[in-house]
$ cat structure.tsv   # TSV, C-alpha atoms and all ligand atoms
chain	number	residue	atom	x	y	z
C	1	MET	CA	16.53	15.11	-13.01
C	2	ASN	CA	16.83	11.62	-11.51
C	3	VAL	CA	16.13	11.16	-7.82
C	4	GLU	CA	17.46	7.92	-6.39
C	5	PHE	CA	15.73	5.99	-3.64
C	6	TYR	CA	18.92	5.42	-1.62
C	7	GLY	CA	21.95	7.56	-0.85
C	8	HIS	CA	24.46	4.93	0.21
C	9	VAL	CA	27.45	6.27	-1.70
C	10	ARG	CA	26.75	9.88	-0.69
C	11	GLN	CA	26.61	8.78	2.92
C	12	TYR	CA	29.88	6.92	2.62
C	13	GLN	CA	31.53	9.95	1.06
C	14	ASN	CA	30.31	12.16	3.92
C	15	VAL	CA	31.85	9.97	6.62
C	16	GLU	CA	34.55	8.28	4.60
C	17	THR	CA	37.46	9.25	6.85
C	18	GLU	CA	35.79	7.93	10.01
C	19	ILE	CA	34.68	4.68	8.38
C	20	ASP	CA	38.03	4.07	6.74
C	21	ALA	CA	39.85	4.69	10.03
C	22	ASN	CA	37.68	2.10	11.81
C	23	LEU	CA	38.09	-0.43	9.00
C	24	ARG	CA	41.85	0.04	9.11
C	25	GLU	CA	41.83	-0.39	12.89
C	26	VAL	CA	39.98	-3.69	12.55
C	27	LEU	CA	42.14	-4.92	9.69
C	28	LEU	CA	45.33	-4.16	11.60
C	29	SER	CA	43.99	-5.68	14.85
C	30	GLY	CA	44.02	-9.18	13.40
C	31	GLN	CA	40.64	-9.81	15.14
C	32	TYR	CA	37.69	-9.89	12.80
C	33	VAL	CA	35.01	-11.99	14.50
C	34	MET	CA	33.92	-11.29	18.10
C	35	GLY	CA	36.85	-8.91	18.40
C	36	PRO	CA	37.33	-5.57	20.19
C	37	MET	CA	35.46	-3.50	17.59
C	38	LEU	CA	32.30	-5.58	18.09
C	39	LYS	CA	32.62	-5.12	21.84
C	40	ARG	CA	33.02	-1.38	21.40
C	41	PHE	CA	30.04	-1.09	19.08
C	42	GLU	CA	27.84	-3.18	21.37
C	43	ALA	CA	28.68	-0.86	24.27
C	44	GLU	CA	27.92	2.19	22.11
C	45	LEU	CA	24.64	0.72	20.91
C	46	ALA	CA	23.48	-0.12	24.44
C	47	ALA	CA	24.41	3.41	25.57
C	48	TYR	CA	22.54	4.90	22.61
C	49	HIS	CA	19.38	3.01	23.58
C	50	GLY	CA	19.85	3.44	27.31
C	51	THR	CA	19.75	-0.33	27.79
C	52	LYS	CA	22.11	-2.48	29.81
C	53	TYR	CA	22.95	-4.84	26.97
C	54	ALA	CA	23.34	-4.97	23.20
C	55	VAL	CA	24.22	-8.11	21.25
C	56	GLY	CA	25.31	-7.96	17.62
C	57	VAL	CA	24.00	-10.73	15.37
C	58	GLY	CA	24.05	-11.66	11.70
C	59	ASN	CA	20.96	-9.73	10.58
C	60	GLY	CA	17.65	-8.30	11.75
C	61	THR	CA	15.71	-11.48	10.98
C	62	ASP	CA	18.01	-13.58	13.14
C	63	ALA	CA	17.68	-11.00	15.90
C	64	ILE	CA	13.92	-11.66	16.08
C	65	TRP	CA	14.03	-15.45	16.07
C	66	LEU	CA	17.02	-15.52	18.43
C	67	ALA	CA	15.00	-13.36	20.84
C	68	LEU	CA	12.01	-15.71	20.52
C	69	MET	CA	14.21	-18.78	21.09
C	70	ALA	CA	15.96	-17.17	24.04
C	71	LEU	CA	12.52	-16.65	25.57
C	72	GLY	CA	11.71	-20.31	25.00
C	73	ILE	CA	9.03	-19.54	22.42
C	74	GLY	CA	8.63	-22.11	19.67
C	75	PRO	CA	6.43	-24.98	18.44
C	76	GLY	CA	2.95	-24.94	19.96
C	77	ASP	CA	3.17	-21.23	20.83
C	78	GLU	CA	1.39	-18.32	19.14
C	79	VAL	CA	2.97	-14.95	18.47
C	80	ILE	CA	0.87	-11.95	17.48
C	81	THR	CA	2.02	-9.48	14.84
C	82	HIS	CA	0.51	-7.62	11.87
C	83	PRO	CA	0.72	-8.49	8.17
C	84	ASN	CA	1.73	-5.10	6.70
C	85	THR	CA	5.40	-5.36	7.57
C	86	PHE	CA	8.51	-6.65	5.86
C	87	PHE	CA	8.17	-10.40	5.39
C	88	ALA	CA	10.99	-11.11	7.86
C	89	THR	CA	8.85	-10.29	10.89
C	90	ALA	CA	6.60	-13.27	10.27
C	91	GLU	CA	9.41	-15.36	8.81
C	92	ALA	CA	11.31	-15.09	12.10
C	93	ILE	CA	8.25	-16.35	14.02
C	94	TRP	CA	8.09	-19.32	11.67
C	95	ILE	CA	11.83	-19.98	11.92
C	96	ALA	CA	11.38	-20.16	15.70
C	97	GLY	CA	8.70	-22.79	15.03
C	98	ALA	CA	5.80	-20.75	16.44
C	99	THR	CA	2.46	-19.84	14.86
C	100	ALA	CA	2.14	-16.31	13.50
C	101	VAL	CA	-1.17	-14.66	14.37
C	102	PHE	CA	-2.04	-11.64	12.28
C	103	VAL	CA	-4.15	-8.77	13.57
C	104	ASP	CA	-4.88	-5.53	11.79
C	105	CYS	CA	-2.89	-2.31	11.95
C	106	CYS	CA	-4.12	1.16	12.89
C	107	PRO	CA	-5.28	3.14	9.86
C	108	GLN	CA	-3.18	6.16	10.82
C	109	THR	CA	0.13	4.79	12.07
C	110	LYS	CA	0.15	1.45	10.21
C	111	CYS	CA	1.57	-0.11	13.40
C	112	ILE	CA	-0.20	-2.95	15.20
C	113	CYS	CA	-3.57	-1.90	16.63
C	114	PRO	CA	-3.58	-2.58	20.39
C	115	GLU	CA	-7.37	-2.72	20.36
C	116	LYS	CA	-7.33	-5.79	18.08
C	117	ILE	CA	-5.00	-7.87	20.21
C	118	GLU	CA	-7.07	-9.13	23.12
C	119	ALA	CA	-9.65	-10.73	20.84
C	120	ALA	CA	-6.82	-12.68	19.20
C	121	LEU	CA	-5.43	-14.20	22.40
C	122	THR	CA	-5.63	-17.92	23.16
C	123	PRO	CA	-3.98	-19.96	25.93
C	124	LYS	CA	-1.18	-20.58	23.40
C	125	THR	CA	-0.31	-16.90	22.96
C	126	LYS	CA	3.16	-16.18	24.30
C	127	ALA	CA	4.32	-12.94	22.73
C	128	ILE	CA	3.54	-9.86	20.66
C	129	VAL	CA	5.93	-8.59	18.00
C	130	PRO	CA	5.01	-4.96	17.26
C	131	VAL	CA	6.86	-3.39	14.34
C	132	HIS	CA	7.76	0.30	14.57
C	133	LEU	CA	6.80	0.61	10.95
C	134	TYR	CA	8.25	3.22	8.59
C	135	GLY	CA	10.03	4.92	11.54
C	136	GLN	CA	7.16	5.57	13.93
C	137	CYS	CA	6.71	3.69	17.20
C	138	ALA	CA	3.79	1.43	17.89
C	139	ASP	CA	1.81	2.39	20.99
C	140	MET	CA	4.14	0.66	23.43
C	141	ILE	CA	2.32	1.95	26.51
C	142	ALA	CA	-0.90	0.22	25.45
C	143	LEU	CA	1.01	-2.87	24.34
C	144	ARG	CA	2.93	-3.15	27.61
C	145	LYS	CA	-0.35	-3.03	29.55
C	146	ILE	CA	-1.82	-5.82	27.42
C	147	ALA	CA	1.36	-7.89	27.71
C	148	ASP	CA	1.43	-7.50	31.50
C	149	ARG	CA	-2.25	-8.27	31.86
C	150	HIS	CA	-1.83	-11.58	30.01
C	151	GLY	CA	1.74	-12.56	30.89
C	152	LEU	CA	3.06	-12.06	27.34
C	153	LYS	CA	6.52	-11.08	26.13
C	154	LEU	CA	6.98	-8.00	23.97
C	155	ILE	CA	9.60	-8.17	21.23
C	156	GLU	CA	9.92	-4.84	19.44
C	157	ASP	CA	10.86	-5.26	15.78
C	158	ASN	CA	12.77	-2.03	15.51
C	159	ALA	CA	14.41	-2.58	12.14
C	160	GLN	CA	12.88	0.68	10.89
C	161	ALA	CA	12.82	3.13	13.80
C	162	ILE	CA	16.18	3.32	15.52
C	163	GLY	CA	16.24	6.63	17.40
C	164	ALA	CA	12.43	7.03	17.47
C	165	CYS	CA	10.37	7.89	20.54
C	166	GLY	CA	6.72	7.61	21.39
C	167	LYS	CA	4.80	9.89	23.68
C	168	GLY	CA	6.56	9.31	27.00
C	169	PHE	CA	8.70	6.36	25.95
C	170	LYS	CA	11.69	5.48	23.85
C	171	VAL	CA	12.13	2.56	21.52
C	172	ALA	CA	13.46	-0.43	23.53
C	173	GLU	CA	12.31	1.02	26.84
C	174	LEU	CA	9.05	-0.89	27.33
C	175	GLY	CA	9.69	-4.09	25.38
C	176	ASP	CA	11.37	-7.15	26.86
C	177	VAL	CA	13.81	-6.85	24.00
C	178	ALA	CA	14.11	-4.74	20.85
C	179	THR	CA	15.66	-6.08	17.68
C	180	THR	CA	17.11	-4.11	14.82
C	181	SER	CA	18.53	-4.57	11.35
C	182	PHE	CA	21.60	-2.82	9.98
C	183	ILE	CA	21.07	-3.82	6.37
C	184	ILE	CA	22.43	-0.99	4.27
C	185	GLN	CA	19.20	0.98	3.68
C	186	LYS	CA	18.24	1.25	7.34
C	187	ASN	CA	18.58	4.55	9.22
C	188	LEU	CA	21.72	3.00	10.70
C	189	GLY	CA	22.98	0.69	7.99
C	190	THR	CA	26.25	-1.04	7.23
C	191	PHE	CA	27.47	-1.94	3.75
C	192	GLY	CA	26.00	-5.42	3.93
C	193	ASP	CA	24.04	-7.39	6.51
C	194	SER	CA	23.94	-7.37	10.28
C	195	GLY	CA	21.58	-6.79	13.17
C	196	ALA	CA	21.36	-6.57	16.95
C	197	LEU	CA	19.19	-6.95	20.02
C	198	VAL	CA	19.07	-4.51	22.91
C	199	THR	CA	17.63	-5.44	26.29
C	200	ASN	CA	17.82	-4.87	30.03
C	201	ASN	CA	17.37	-8.57	30.71
C	202	PRO	CA	20.68	-10.27	31.65
C	203	ASP	CA	19.29	-13.73	30.80
C	204	MET	CA	18.32	-12.60	27.30
C	205	ASP	CA	21.78	-11.10	26.82
C	206	ALA	CA	23.56	-14.24	28.01
C	207	ARG	CA	21.32	-16.63	26.08
C	208	VAL	CA	21.61	-14.80	22.76
C	209	ARG	CA	25.38	-14.42	23.14
C	210	GLN	CA	25.55	-18.18	23.45
C	211	LEU	CA	23.03	-18.97	20.73
C	212	ARG	CA	24.71	-16.69	18.16
C	213	ASN	CA	28.05	-18.47	18.62
C	214	HIS	CA	27.35	-22.20	18.19
C	215	GLY	CA	25.96	-22.39	21.72
C	216	SER	CA	29.34	-21.45	23.11
C	217	ASN	CA	30.63	-18.91	25.62
C	218	GLN	CA	33.86	-20.70	26.16
C	219	ARG	CA	36.22	-22.26	23.65
C	220	ASN	CA	35.39	-25.91	22.91
C	221	VAL	CA	32.36	-25.87	25.24
C	222	HIS	CA	29.07	-25.99	23.29
C	223	SER	CA	25.36	-26.40	23.61
C	224	TYR	CA	22.95	-26.26	20.67
C	225	GLY	CA	23.23	-22.96	18.81
C	226	PHE	CA	23.87	-21.19	15.52
C	227	ASN	CA	26.38	-19.02	13.73
C	228	SER	CA	24.89	-15.52	13.65
C	229	ARG	CA	27.55	-12.98	14.53
C	230	LEU	CA	28.03	-9.35	13.63
C	231	ASP	CA	31.60	-9.23	12.36
C	232	ASP	CA	34.05	-6.55	13.36
C	233	LEU	CA	34.34	-4.83	9.98
C	234	HIS	CA	30.60	-4.13	10.01
C	235	ALA	CA	30.84	-3.12	13.67
C	236	GLY	CA	33.50	-0.59	12.68
C	237	ILE	CA	31.30	0.89	9.96
C	238	LEU	CA	28.33	1.03	12.32
C	239	SER	CA	30.37	2.58	15.14
C	240	ALA	CA	31.46	5.39	12.82
C	241	LYS	CA	27.91	5.93	11.53
C	242	LEU	CA	26.20	5.76	14.94
C	243	LYS	CA	27.77	9.12	15.87
C	244	HIS	CA	25.81	10.72	13.03
C	245	LEU	CA	22.51	8.93	13.52
C	246	GLU	CA	20.74	11.68	15.46
C	247	ALA	CA	21.68	14.30	12.87
C	248	TRP	CA	20.65	11.98	10.04
C	249	ASN	CA	17.30	11.27	11.68
C	250	ASP	CA	16.78	15.03	12.13
C	251	GLN	CA	17.52	15.53	8.45
C	252	ARG	CA	15.01	12.83	7.50
C	253	ARG	CA	12.42	14.68	9.62
C	254	GLN	CA	13.22	17.88	7.77
C	255	TRP	CA	12.74	16.25	4.39
C	256	ALA	CA	9.46	14.78	5.66
C	257	ALA	CA	8.33	18.27	6.70
C	258	ARG	CA	9.26	19.58	3.24
C	259	TYR	CA	7.27	16.79	1.57
C	260	ALA	CA	4.32	17.45	3.89
C	261	ALA	CA	4.32	21.19	3.15
C	262	GLY	CA	4.75	20.65	-0.59
C	263	LEU	CA	2.07	17.96	-0.90
C	264	LYS	CA	-0.50	19.22	1.59
C	265	ASP	CA	-3.00	20.35	-1.04
C	266	CYS	CA	-2.92	17.15	-3.09
C	267	ARG	CA	-6.40	15.64	-3.11
C	268	THR	CA	-5.60	12.23	-4.63
C	269	ILE	CA	-3.28	11.03	-1.90
C	270	ASP	CA	-3.10	10.80	1.89
C	271	LEU	CA	0.15	11.80	3.58
C	272	PRO	CA	1.78	9.82	6.40
C	273	VAL	CA	0.42	10.60	9.85
C	274	ALA	CA	2.98	11.57	12.48
C	275	LEU	CA	1.35	11.35	15.89
C	276	PRO	CA	1.70	14.37	18.18
C	277	GLY	CA	4.38	13.83	20.82
C	278	TYR	CA	6.05	11.07	18.79
C	279	ARG	CA	9.46	11.38	17.13
C	280	HIS	CA	8.94	9.70	13.75
C	281	VAL	CA	12.33	9.02	12.17
C	282	TYR	CA	11.02	8.42	8.64
C	283	HIS	CA	12.84	5.30	7.61
C	284	LEU	CA	10.32	5.59	4.80
C	285	TYR	CA	8.04	8.40	3.66
C	286	VAL	CA	4.92	6.53	2.58
C	287	ILE	CA	1.99	8.23	0.90
C	288	GLU	CA	-1.24	6.36	0.09
C	289	THR	CA	-3.37	6.90	-2.99
C	290	LYS	CA	-7.04	7.55	-2.31
C	291	LYS	CA	-7.97	4.87	-4.83
C	292	PRO	CA	-6.10	1.57	-5.02
C	293	GLU	CA	-6.20	1.67	-8.82
C	294	TRP	CA	-4.26	4.93	-8.75
C	295	ARG	CA	-1.23	3.45	-7.02
C	296	GLY	CA	0.23	1.76	-10.09
C	297	ARG	CA	-0.44	4.80	-12.25
C	298	LEU	CA	1.16	7.28	-9.89
C	299	LEU	CA	4.11	4.97	-9.34
C	300	ASP	CA	4.54	4.63	-13.07
C	301	HIS	CA	4.35	8.40	-13.55
C	302	LEU	CA	7.01	8.96	-10.88
C	303	VAL	CA	9.38	6.33	-12.24
C	304	LYS	CA	8.99	7.72	-15.78
C	305	SER	CA	9.72	11.18	-14.37
C	306	GLY	CA	13.05	10.05	-12.92
C	307	VAL	CA	11.79	9.52	-9.38
C	308	ASP	CA	12.79	6.13	-7.99
C	309	ALA	CA	9.65	5.53	-5.92
C	310	LYS	CA	8.92	2.08	-4.50
C	311	THR	CA	6.26	0.28	-2.43
C	312	HIS	CA	6.52	-0.93	1.17
C	313	TYR	CA	4.84	-3.38	1.13
C	314	SER	CA	2.49	-3.92	-1.77
C	315	ILE	CA	1.58	-7.52	-0.87
C	316	ALA	CA	0.59	-8.09	2.75
C	317	ILE	CA	2.09	-11.27	4.18
C	318	HIS	CA	-1.19	-13.19	4.33
C	319	GLN	CA	-1.84	-12.27	0.67
C	320	GLN	CA	1.45	-13.67	-0.64
C	321	ALA	CA	1.12	-16.62	-3.03
C	322	GLY	CA	1.31	-19.94	-1.21
C	323	TYR	CA	0.70	-18.44	2.26
C	324	PRO	CA	1.33	-19.96	4.80
C	325	TRP	CA	3.65	-22.49	3.22
C	326	GLY	CA	2.70	-25.20	5.69
C	327	LYS	CA	3.70	-22.98	8.61
C	328	GLY	CA	1.50	-22.20	11.59
C	329	ALA	CA	-0.55	-19.11	10.86
C	330	ARG	CA	-3.86	-17.63	11.94
C	331	ILE	CA	-5.75	-14.51	10.92
C	332	ALA	CA	-7.56	-12.90	13.84
C	333	GLY	CA	-10.31	-10.53	12.77
C	334	ASP	CA	-10.39	-8.59	9.55
C	335	LEU	CA	-7.23	-7.09	8.10
C	336	THR	CA	-8.89	-4.26	6.22
C	337	ASN	CA	-6.43	-1.51	7.17
C	338	ALA	CA	-3.39	-3.64	6.41
C	339	GLU	CA	-4.81	-4.71	3.06
C	340	ALA	CA	-5.69	-1.13	2.09
C	341	ASN	CA	-2.19	-0.02	3.08
C	342	ALA	CA	-0.72	-2.72	0.83
C	343	ALA	CA	-2.98	-1.67	-2.04
C	344	CYS	CA	-2.35	2.09	-1.83
C	345	CYS	CA	1.19	2.68	-0.50
C	346	ILE	CA	3.97	4.46	-2.38
C	347	SER	CA	7.32	5.27	-0.76
C	348	LEU	CA	8.95	8.49	-1.95
C	349	PRO	CA	12.74	8.84	-1.86
C	350	MET	CA	13.84	9.43	1.74
C	351	PHE	CA	17.41	9.50	2.95
C	352	PRO	CA	19.37	12.19	4.80
C	353	GLU	CA	21.68	13.02	1.90
C	354	LEU	CA	18.84	14.06	-0.42
C	355	ARG	CA	19.11	17.62	-1.72
C	356	ALA	CA	16.34	20.21	-1.51
C	357	ASP	CA	16.09	20.41	-5.31
C	358	GLU	CA	15.59	16.63	-5.43
C	359	VAL	CA	12.83	16.71	-2.83
C	360	ASP	CA	11.22	19.58	-4.73
C	361	HIS	CA	11.42	17.60	-7.97
C	362	VAL	CA	9.58	14.68	-6.32
C	363	ILE	CA	6.96	17.07	-4.95
C	364	ALA	CA	6.51	18.67	-8.38
C	365	LYS	CA	6.03	15.29	-10.05
C	366	VAL	CA	3.46	14.10	-7.48
C	367	LYS	CA	1.60	17.41	-7.88
C	368	GLU	CA	1.69	17.12	-11.65
C	369	TRP	CA	-0.09	13.76	-11.42
C	370	ASP	CA	-2.44	15.01	-8.70
C	371	ALA	CA	-3.54	17.95	-10.87
C	372	ARG	CA	-4.64	15.52	-13.59
C	373	PHE	CA	-6.87	13.42	-11.34
C	374	THR	CA	-7.89	15.83	-8.62
C	375	PHE	CA	-11.38	16.20	-10.07
C	376	GLN	CA	-11.95	12.47	-9.42
C	377	ALA	CA	-10.65	12.59	-5.86
C	378	PRO	CA	-13.09	11.34	-3.23
C	379	ALA	CA	-13.81	13.66	-0.33
C	380	GLY	CA	-12.07	12.79	2.92
C	381	LYS	CA	-9.41	10.18	3.42
C	382	GLY	CA	-8.84	7.22	1.11
C	383	PRO	CA	-9.42	3.56	2.07
C	384	ALA	CA	-6.02	3.15	3.72
C	385	GLN	CA	-6.63	5.91	6.23
C	386	SER	CA	-10.41	6.01	6.63
C	387	GLY	CA	-10.73	2.99	8.93
C	388	LYS	CA	-11.99	3.53	12.45
C	389	THR	CA	-9.28	5.25	14.44
C	390	CYS	CA	-8.38	3.69	17.77
C	391	ALA	CA	-7.19	5.26	21.01
C	392	CYS	CA	-3.56	5.20	19.93
C	393	CYS	CA	-4.04	7.00	16.65
C	394	SER	CA	-6.79	9.43	17.45
O	401	LIG	C1	10.42	-4.50	9.80
O	401	LIG	C2	11.60	-5.38	9.49
O	401	LIG	N1	11.81	-6.47	10.21
O	401	LIG	C3	12.86	-7.27	9.98
O	401	LIG	C4	13.76	-7.00	8.99
O	401	LIG	C5	14.84	-7.98	8.72
O	401	LIG	O1	16.12	-7.47	8.77
O	401	LIG	P1	17.29	-8.14	7.92
O	401	LIG	O2	17.05	-7.83	6.49
O	401	LIG	O3	18.52	-7.50	8.47
O	401	LIG	O4	17.25	-9.59	8.20
O	401	LIG	C6	13.59	-5.84	8.22
O	401	LIG	C7	14.51	-5.41	7.15
O	401	LIG	O5	15.05	-5.80	6.33
O	401	LIG	C8	12.47	-5.00	8.46
O	401	LIG	O6	12.25	-3.90	7.74

$ encode --input "structure.tsv" --output "structure tokens"
Amino acid sequence: MNVEFYGHVRQYQNVETEIDANLREVLLSGQYVMGPMLKRFEAELAAYHGTKYAVGVGNGTDAIWLALMALGIGPGDEVITHPNTFFATAEAIWIAGATAVFVDCCPQTKCICPEKIEAALTPKTKAIVPVHLYGQCADMIALRKIADRHGLKLIEDNAQAIGACGKGFKVAELGDVATTSFIIQKNLGTFGDSGALVTNNPDMDARVRQLRNHGSNQRNVHSYGFNSRLDDLHAGILSAKLKHLEAWNDQRRQWAARYAAGLKDCRTIDLPVALPGYRHVYHLYVIETKKPEWRGRLLDHLVKSGVDAKTHYSIAIHQQAGYPWGKGARIAGDLTNAEANAACCISLPMFPELRADEVDHVIAKVKEWDARFTFQAPAGKGPAQSGKTCACCS
């Protein structure tokens, strides 16, 4: 059996009629850029998040740097994030012209560790960009308190956790703005690129609307800006898919529960930690090998067994060749948890349209490998999860 990593075509086939109807509506409207379908989707997206505003942009990377620019953050400013995220989080900080400051993640959640942030602050610090990594929220309550105490902005990089909640808060509720990506593999993905910001701040909404459209709100009237728009065909696809997002996230959670039950006795790996009271939406289901040298071997075994497993992200940003490419960057404290995550992570196939027999095949293949090496397994958690837990992950 082959188990794919993505289910894009299956998903299209499940909602084909609704997507096709929206595409036809756009095509027949004669309005393809900043047209009525984009307006409709923006209203739906804001309602989904419970925010006043949503602005569609070209992709999730642009959403982050547009948010930073709209807040006036750029050269001379420092922005705190963590290095075990998709490269775009830091890239967006650099595109805005600011300095990226890396602090470590929590060993359990892999999200930014609030307890590491205050030691990293300088008078230049202007913002924190927490990433709701793999589908689980960062501790936004702790982060909001830190941001308020020091007059910082909070930009939630929510490319991976649309629909997630923390204990007592929703994504996009406590940040100044939340950005998201709709690249195809995301929990809400189009068949191509696009992204959005959601916010309750009218100035952010107005500024990004202008910036995304050549600095223009009115025909022929411009200030400095860019071209970063979410076009109406993608908006139509996303509008059709948004109606299914809750059910799809629930299905991801069910597959995660099946993986967790099937793999619970494996001694060579650690399973992802879902914090009590949080709604993890499992953009990715990431296990971690208890020895870094096992990662490549287990990955190889899975791929040879027909399981399309991958890694997210096997090279932390500060460990990439050439870092920091002449850009402003600073490492604040040790990055042990992030580095261990990079060394040990393996993502198992996770998408709503998986079948039970496929999930069971993946489980069987992981167990097969585990049985071979279990006698060498160290007691307790492996290096990626054995770091000191902090208040948010204990
Ligand atoms: C955490 C994170 N941030 C930012 C991005 C950038 O989004 P995009 O690829 O749409 O630019 C992605 C995904 O690709 C992501 O996973």

$ closest_atom_pairs --input "structure.tsv" --of "chain C" --to "ligand LIG 401 (chain O)" --cutoff "8 Å" --atoms "all atoms listed in the file" --output "JSON lines"
{"residue": "C:Gly58", "atom": "CA", "partner": "O:LIG401", "partner_atom": "O3", "distance": 7.6}
{"residue": "C:Asn59", "atom": "CA", "partner": "O:LIG401", "partner_atom": "O3", "distance": 3.9}
{"residue": "C:Gly60", "atom": "CA", "partner": "O:LIG401", "partner_atom": "O1", "distance": 3.5}
{"residue": "C:Thr61", "atom": "CA", "partner": "O:LIG401", "partner_atom": "O4", "distance": 3.7}
{"residue": "C:Asp62", "atom": "CA", "partner": "O:LIG401", "partner_atom": "O4", "distance": 6.4}
{"residue": "C:Ala63", "atom": "CA", "partner": "O:LIG401", "partner_atom": "O4", "distance": 7.8}
{"residue": "C:Ile64", "atom": "CA", "partner": "O:LIG401", "partner_atom": "C3", "distance": 7.6}
{"residue": "C:Thr85", "atom": "CA", "partner": "O:LIG401", "partner_atom": "C1", "distance": 5.6}
{"residue": "C:Phe86", "atom": "CA", "partner": "O:LIG401", "partner_atom": "C1", "distance": 4.9}
{"residue": "C:Phe87", "atom": "CA", "partner": "O:LIG401", "partner_atom": "N1", "distance": 7.2}
{"residue": "C:Ala88", "atom": "CA", "partner": "O:LIG401", "partner_atom": "C3", "distance": 4.8}
{"residue": "C:Thr89", "atom": "CA", "partner": "O:LIG401", "partner_atom": "N1", "distance": 4.9}
{"residue": "C:Val131", "atom": "CA", "partner": "O:LIG401", "partner_atom": "C1", "distance": 5.9}
{"residue": "C:His132", "atom": "CA", "partner": "O:LIG401", "partner_atom": "C1", "distance": 7.3}
{"residue": "C:Leu133", "atom": "CA", "partner": "O:LIG401", "partner_atom": "C1", "distance": 6.4}
{"residue": "C:Asp157", "atom": "CA", "partner": "O:LIG401", "partner_atom": "N1", "distance": 5.8}
{"residue": "C:Asn158", "atom": "CA", "partner": "O:LIG401", "partner_atom": "C1", "distance": 6.7}
{"residue": "C:Ala159", "atom": "CA", "partner": "O:LIG401", "partner_atom": "C2", "distance": 4.8}
{"residue": "C:Gln160", "atom": "CA", "partner": "O:LIG401", "partner_atom": "O6", "distance": 5.6}
{"residue": "C:Thr180", "atom": "CA", "partner": "O:LIG401", "partner_atom": "O1", "distance": 7.0}
{"residue": "C:Ser181", "atom": "CA", "partner": "O:LIG401", "partner_atom": "O3", "distance": 4.1}
{"residue": "C:Phe182", "atom": "CA", "partner": "O:LIG401", "partner_atom": "O3", "distance": 5.8}
{"residue": "C:Ile183", "atom": "CA", "partner": "O:LIG401", "partner_atom": "O3", "distance": 4.9}
{"residue": "C:Lys186", "atom": "CA", "partner": "O:LIG401", "partner_atom": "C7", "distance": 7.6}
{"residue": "C:Asp193", "atom": "CA", "partner": "O:LIG401", "partner_atom": "O3", "distance": 5.9}
{"residue": "C:Ser194", "atom": "CA", "partner": "O:LIG401", "partner_atom": "O3", "distance": 5.7}
{"residue": "C:Gly195", "atom": "CA", "partner": "O:LIG401", "partner_atom": "O3", "distance": 5.7}

$ write_last_selection --input "structure.tsv" --atoms "C-alpha atoms" --output "mmCIF file, in the coordinates of the input"
data_model
loop_
_atom_site.group_PDB
_atom_site.id
_atom_site.type_symbol
_atom_site.label_atom_id
_atom_site.label_comp_id
_atom_site.auth_asym_id
_atom_site.auth_seq_id
_atom_site.Cartn_x
_atom_site.Cartn_y
_atom_site.Cartn_z
ATOM 1 C CA GLY C 58 24.050 -11.660 11.700
ATOM 2 C CA ASN C 59 20.960 -9.730 10.580
ATOM 3 C CA GLY C 60 17.650 -8.300 11.750
ATOM 4 C CA THR C 61 15.710 -11.480 10.980
ATOM 5 C CA ASP C 62 18.010 -13.580 13.140
ATOM 6 C CA ALA C 63 17.680 -11.000 15.900
ATOM 7 C CA ILE C 64 13.920 -11.660 16.080
ATOM 8 C CA THR C 85 5.400 -5.360 7.570
ATOM 9 C CA PHE C 86 8.510 -6.650 5.860
ATOM 10 C CA PHE C 87 8.170 -10.400 5.390
ATOM 11 C CA ALA C 88 10.990 -11.110 7.860
ATOM 12 C CA THR C 89 8.850 -10.290 10.890
ATOM 13 C CA VAL C 131 6.860 -3.390 14.340
ATOM 14 C CA HIS C 132 7.760 0.300 14.570
ATOM 15 C CA LEU C 133 6.800 0.610 10.950
ATOM 16 C CA ASP C 157 10.860 -5.260 15.780
ATOM 17 C CA ASN C 158 12.770 -2.030 15.510
ATOM 18 C CA ALA C 159 14.410 -2.580 12.140
ATOM 19 C CA GLN C 160 12.880 0.680 10.890
ATOM 20 C CA THR C 180 17.110 -4.110 14.820
ATOM 21 C CA SER C 181 18.530 -4.570 11.350
ATOM 22 C CA PHE C 182 21.600 -2.820 9.980
ATOM 23 C CA ILE C 183 21.070 -3.820 6.370
ATOM 24 C CA LYS C 186 18.240 1.250 7.340
ATOM 25 C CA ASP C 193 24.040 -7.390 6.510
ATOM 26 C CA SER C 194 23.940 -7.370 10.280
ATOM 27 C CA GLY C 195 21.580 -6.790 13.170
#

$ closest_residue --input "structure.tsv" --among "C:Leu335, C:Asn341, C:Gln185, C:Ser305" --to "Val101 (chain C)" --atoms "all atoms listed in the file"
C:Leu335

$ residues_around --input "structure.tsv" --residues "region 224-226 of chain C" --least-positions-apart "4" --cutoff "6 Å" --atoms "all atoms listed in the file" --output "list in words"
Leu211, Arg212, Asn213, His214 and Gly215 of chain C

$ residues_around --input "structure.tsv" --residues "Ala309 (chain C)" --least-positions-apart "2" --cutoff "6 Å" --atoms "only C-alpha atoms" --output "list of chain:residue names"
C:Val307, C:Ser347, C:Leu348

$ closest_residue --input "structure.tsv" --among "C:Lys241, C:Ile146, C:Arg267, C:Glu115" --to "Gln13 (chain C)" --atoms "all atoms listed in the file"
C:Lys241

$ residues_around --input "structure.tsv" --residues "Glu288 (chain C)" --least-positions-apart "4" --cutoff "10 Å" --atoms "all atoms listed in the file" --output "PyMOL selection string"
chain C and resi 268-272+292+294-295+311+340-347+381-385

$ atom_distance --input "structure.tsv" --atom1 "CA of Asn201 (chain C)" --atom2 "CA of Ile184 (chain C)"
28.0 Å

$ atom_distance --input "structure.tsv" --atom1 "CA of Gly168 (chain C)" --atom2 "CA of Cys111 (chain C)"
17.3 Å

$ residues_near_point --input "structure.tsv" --point "(20.8, 1.5, 23.3)" --cutoff "10 Å" --atoms "all atoms listed in the file" --output "list in words"
Glu42, Ala43, Glu44, Leu45, Ala46, Ala47, Tyr48, His49, Gly50, Thr51, Lys52, Tyr53, Ala54, Ile162, Gly163, Lys170, Val171, Ala172, Glu173, Ala178, Leu197, Val198, Thr199 and Asn200 of chain C
